[in-house]
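Data block for query_38.txt (compact mmCIF, C-alpha atoms):
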```txt
# COMPACT_ATOMS: atom_id res chain seq x y z
CA TYR A 181 131.02 2.93 -48.77
CA ASN A 182 130.96 6.01 -50.96
CA GLN A 183 128.76 7.73 -53.50
CA SER A 184 129.94 5.61 -56.47
CA THR A 185 129.19 2.41 -54.52
CA ALA A 186 125.72 3.72 -53.77
CA MET A 187 125.23 4.47 -57.48
CA ILE A 188 126.31 0.94 -58.44
CA ASP A 189 123.95 -0.49 -55.81
CA GLU A 190 121.08 1.56 -57.27
CA ILE A 191 121.87 0.42 -60.83
CA LEU A 192 122.05 -3.20 -59.69
CA LYS A 193 118.73 -2.82 -57.86
CA ASP A 194 117.11 -1.36 -60.98
CA ARG A 195 118.41 -4.25 -63.12
CA ILE A 196 117.14 -6.83 -60.65
CA LEU A 197 113.71 -5.19 -60.52
CA ALA A 198 113.54 -5.04 -64.33
CA LEU A 199 114.43 -8.74 -64.51
CA ILE A 200 111.76 -9.65 -61.97
CA LYS A 201 109.11 -7.59 -63.76
CA ARG A 202 110.01 -9.24 -67.08
CA GLU A 203 110.22 -12.83 -65.83
CA VAL A 204 107.64 -13.09 -63.06
CA VAL A 205 104.15 -13.23 -64.53
CA PRO A 206 100.86 -14.63 -63.23
CA ALA A 207 100.12 -18.18 -64.33
CA VAL A 208 97.32 -20.66 -63.75
CA GLY A 209 99.40 -23.73 -62.96
CA CYS A 210 103.05 -24.58 -63.63
CA THR A 211 104.50 -22.47 -66.42
CA GLU A 212 105.66 -25.29 -68.72
CA PRO A 213 102.33 -27.08 -69.26
CA VAL A 214 100.51 -23.76 -69.26
CA ALA A 215 102.84 -22.42 -71.97
CA VAL A 216 102.03 -25.51 -74.05
CA ALA A 217 98.32 -24.86 -73.41
CA LEU A 218 98.90 -21.27 -74.54
CA ALA A 219 100.40 -22.40 -77.85
CA ALA A 220 97.55 -24.89 -78.30
CA ALA A 221 94.96 -22.19 -77.61
CA ARG A 222 96.57 -19.78 -80.07
CA ALA A 223 96.79 -22.43 -82.79
CA ALA A 224 93.12 -23.36 -82.23
CA GLU A 225 92.13 -19.69 -82.43
CA LEU A 226 94.00 -19.33 -85.72
CA LEU A 227 91.87 -22.06 -87.30
CA GLY A 228 88.84 -19.81 -87.08
CA MET A 229 86.57 -22.81 -86.49
CA PRO A 230 84.60 -24.05 -83.48
CA ARG A 231 87.10 -25.40 -80.94
CA ASP A 232 85.37 -28.76 -80.66
CA ALA A 233 85.94 -29.27 -84.41
CA VAL A 234 89.66 -29.85 -83.80
CA GLU A 235 90.41 -33.42 -84.87
CA ARG A 236 94.08 -33.73 -83.98
CA VAL A 237 96.84 -31.86 -82.16
CA GLU A 238 100.56 -32.41 -82.64
CA CYS A 239 103.02 -30.98 -80.15
CA ARG A 240 106.77 -31.02 -80.73
CA LEU A 241 108.60 -29.88 -77.62
CA SER A 242 112.12 -29.37 -76.37
CA GLY A 243 113.36 -31.91 -73.85
CA ASN A 244 113.35 -29.29 -71.11
CA ILE A 245 109.64 -28.58 -71.60
CA ILE A 246 108.80 -32.29 -71.57
CA LYS A 247 110.92 -32.93 -68.48
CA ASN A 248 109.39 -30.04 -66.54
CA ALA A 249 105.77 -30.59 -67.58
CA MET A 250 104.94 -34.27 -67.78
CA GLY A 251 104.36 -34.94 -64.07
CA VAL A 252 102.78 -31.62 -63.13
CA GLY A 253 99.21 -31.33 -61.89
CA ILE A 254 96.85 -29.17 -63.93
CA PRO A 255 94.65 -27.09 -61.58
CA GLY A 256 90.95 -27.92 -61.57
CA THR A 257 91.34 -31.22 -63.44
CA GLY A 258 92.58 -33.79 -60.95
CA MET A 259 95.00 -34.82 -63.72
CA ILE A 260 98.69 -34.46 -64.40
CA GLY A 261 100.74 -33.85 -67.51
CA LEU A 262 100.74 -32.27 -70.89
CA PRO A 263 97.87 -34.08 -72.66
CA ILE A 264 95.11 -32.53 -70.54
CA ALA A 265 96.79 -29.10 -70.68
CA VAL A 266 96.87 -29.33 -74.48
CA ALA A 267 93.25 -30.46 -74.71
CA LEU A 268 92.05 -27.67 -72.43
CA GLY A 269 94.09 -25.10 -74.35
CA VAL A 270 92.51 -26.24 -77.61
CA LEU A 271 88.96 -26.41 -76.27
CA ALA A 272 88.73 -23.31 -74.11
CA GLY A 273 92.08 -21.57 -73.76
CA ARG A 274 92.21 -17.82 -74.29
CA ALA A 275 95.61 -16.86 -75.65
CA GLU A 276 95.12 -13.17 -74.86
CA LEU A 277 95.38 -14.12 -71.17
CA GLY A 278 98.98 -15.27 -71.56
CA LEU A 279 99.96 -17.76 -68.87
CA GLU A 280 96.49 -17.43 -67.37
CA VAL A 281 95.19 -19.05 -70.58
CA LEU A 282 93.27 -21.72 -68.64
CA ALA A 283 91.63 -19.33 -66.15
CA GLY A 284 88.12 -19.77 -67.60
CA VAL A 285 88.13 -23.57 -67.79
CA THR A 286 84.97 -25.09 -66.31
CA PRO A 287 84.26 -28.65 -65.14
CA ASP A 288 82.32 -29.19 -68.40
CA VAL A 289 85.39 -28.26 -70.43
CA VAL A 290 87.51 -30.61 -68.32
CA GLU A 291 85.10 -33.42 -69.24
CA GLN A 292 85.33 -32.42 -72.92
CA GLY A 293 89.11 -32.51 -72.59
CA LYS A 294 89.03 -35.99 -71.09
CA ALA A 295 86.76 -37.12 -73.94
CA MET A 296 89.18 -35.64 -76.48
CA LEU A 297 92.05 -37.58 -74.91
CA ALA A 298 90.01 -40.80 -74.99
CA HIS A 299 90.24 -40.76 -78.80
CA LYS A 300 93.61 -42.38 -79.52
CA GLY A 301 95.91 -40.17 -81.52
CA SER A 302 93.93 -36.97 -81.00
CA VAL A 303 96.78 -35.43 -78.98
CA ASP A 304 100.31 -36.39 -80.01
CA ILE A 305 103.20 -35.13 -77.90
CA ALA A 306 106.79 -35.81 -78.90
CA LEU A 307 110.32 -34.57 -78.46
CA GLU A 308 111.65 -32.15 -81.06
CA PRO A 309 115.24 -33.42 -81.28
CA HIS A 310 116.44 -30.32 -83.15
CA ALA A 311 114.76 -27.70 -80.95
CA PRO A 312 116.56 -24.37 -81.40
CA ASP A 313 116.12 -23.45 -77.71
CA ILE A 314 115.65 -25.23 -74.37
CA LEU A 315 112.23 -23.60 -74.26
CA TYR A 316 110.58 -24.63 -77.51
CA ILE A 317 106.90 -25.41 -78.12
CA ASP A 318 105.52 -26.16 -81.60
CA VAL A 319 101.78 -26.95 -81.70
CA ARG A 320 99.80 -27.81 -84.83
CA VAL A 321 96.05 -28.31 -84.84
CA TYR A 322 94.01 -29.94 -87.59
CA ALA A 323 90.30 -29.60 -88.41
CA GLY A 324 88.16 -29.83 -91.51
CA GLY A 325 91.11 -30.03 -93.89
CA HIS A 326 92.75 -26.95 -92.34
CA THR A 327 95.76 -26.62 -90.11
CA ALA A 328 97.14 -23.94 -87.82
CA ARG A 329 100.45 -23.70 -86.04
CA ALA A 330 101.81 -21.71 -83.10
CA VAL A 331 105.45 -21.80 -82.04
CA ILE A 332 106.77 -20.42 -78.76
CA GLU A 333 110.51 -20.10 -78.25
CA GLY A 334 112.88 -18.56 -75.73
CA SER A 335 110.33 -17.56 -73.09
CA HIS A 336 106.96 -18.93 -72.05
CA THR A 337 104.86 -16.41 -74.00
CA HIS A 338 107.13 -15.47 -76.91
CA PHE A 339 105.43 -16.53 -80.15
CA VAL A 340 107.93 -16.74 -82.99
CA LEU A 341 105.64 -18.24 -85.63
CA LEU A 342 101.90 -18.21 -86.30
CA GLU A 343 100.47 -19.95 -89.39
CA ARG A 344 97.16 -20.95 -90.89
CA ASP A 345 97.21 -23.46 -93.76
CA GLY A 346 100.96 -22.92 -94.18
CA SER A 347 100.79 -19.11 -94.46
CA ARG A 348 102.07 -16.75 -91.80
CA VAL A 349 99.44 -14.70 -90.03
```
Mind converting the file's structure to structure tokens?
Amino acid sequence: YNQSTAMIDEILKDRILALIKREVVPAVGCTEPVAVALAAARAAELLGMPRDAVERVECRLSGNIIKNAMGVGIPGTGMIGLPIAVALGVLAGRAELGLEVLAGVTPDVVEQGKAMLAHKGSVDIALEPHAPDILYIDVRVYAGGHTARAVIEGSHTHFVLLERDGSRV
């Protein structure tokens, strides 16, 4: 063990700490469904309309997101899976909170989310067969003749596309 070994150990330690700080973030629930809720919340915010005006949500997801999110419980709901996470993201999610997007969800909002899901076709979740990354989330929301879209790719909070009525924002 010499001085150059100690220097390498210190560099390795610094790299590991930087990786942990970049990748470990607070989340309310499992990161995959919460990341989908984050994209849904951001898309709903982009509409600039009351959240309960959203008529339909389309989610196109990579297989990895679907696999890791479908059977996961969503805290405070007594439910599992992506549909309730999407509904809650649309109705009350706050995108500025990142993976804590669902932190302010109340029992009333959970009931609104369940009601949203009761309308067949209001939340459509499907595989995106040509996803450019194993972590890919594309959410489109529709209301009053308008549409908004939020796409996350590569990491759970990395937005690569934001649109309202087909124009980038």
Two-atom distance - CA of Val237 in chain A, CA of Val303 in chain A (Å):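 These atoms are spaced 4.8 Å apart.
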For Leu342 in chain A, which of A:Asp189, A:Leu241, A:Arg222, A:Cys210 is the closest residue, counting only C-alpha atoms?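 That would be A:Arg222, the residue with the smallest distance to Leu342 in chain A.
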Contact check, range 224-244 of chain A to range 327-332 of chain A, at most 7 Å, counting only C-alpha atoms, closest pairs as CSV:
```
residue,atom,partner,partner_atom,distance
A:Ala224,CA,A:Ala328,CA,6.9
A:Leu226,CA,A:Ala328,CA,6.0
A:Leu227,CA,A:Ala328,CA,5.6
```
What separation in Å, quoted to one decimal, exists between CA of Arg240 in chain A and CA of Tyr316 in chain A? 8.1 Å
Figure out the distance between CA of Leu282 in chain A and CA of Leu268 in chain A, please, to one decimal in Å. 7.2 Å
Which residue, A:Asp194, A:Glu333, A:Glu343, A:Asp304, has the smallest gap to Ile245 in chain A when you use all atoms listed in the file? A:Glu333
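When all atoms listed in the file are used to measure the gap to Glu276 in chain A, the shortest distance among A:Ile305, A:Leu218, A:Ile264, A:Ile314 belongs to A:Leu218.
If you measure from each of A:Met250, A:Val321, A:Ile191, A:Leu279 to Val234 in chain A using all atoms listed in the file, the closest one turns out to be A:Val321.
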Considering only C-alpha atoms, state which residue in the set A:Gly334, A:Pro312, A:Gly325, A:Pro213 is at the smallest distance from Leu262 in chain A.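 Once distances to Leu262 in chain A are computed over only C-alpha atoms, the minimum belongs to A:Pro213.
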Nearest to Ala275 in chain A, restricted to all atoms listed in the file and choosing among A:Val340, A:Ala221, A:Ala298, A:Leu192, comes out as A:Ala221
Write out as JSON, numbers by chain which residues come within 10 Å of Val252 in chain A when counting only C-alpha atoms, dropping same-chain ones fewer than 5 positions away. {"A": [209, 210, 211, 212, 213, 247, 259, 260, 261, 262, 265]}
Mind dumping the selected residues with C-alpha atoms as an mmCIF file, in the coordinates of the input?
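So result-v8.cif came out as:
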```cif
data_model
loop_
_atom_site.group_PDB
_atom_site.id
_atom_site.type_symbol
_atom_site.label_atom_id
_atom_site.label_comp_id
_atom_site.auth_asym_id
_atom_site.auth_seq_id
_atom_site.Cartn_x
_atom_site.Cartn_y
_atom_site.Cartn_z
ATOM 1 C CA GLY A 209 99.400 -23.730 -62.960
ATOM 2 C CA CYS A 210 103.050 -24.580 -63.630
ATOM 3 C CA THR A 211 104.500 -22.470 -66.420
ATOM 4 C CA GLU A 212 105.660 -25.290 -68.720
ATOM 5 C CA PRO A 213 102.330 -27.080 -69.260
ATOM 6 C CA LYS A 247 110.920 -32.930 -68.480
ATOM 7 C CA MET A 259 95.000 -34.820 -63.720
ATOM 8 C CA ILE A 260 98.690 -34.460 -64.400
ATOM 9 C CA GLY A 261 100.740 -33.850 -67.510
ATOM 10 C CA LEU A 262 100.740 -32.270 -70.890
ATOM 11 C CA ALA A 265 96.790 -29.100 -70.680
#
```
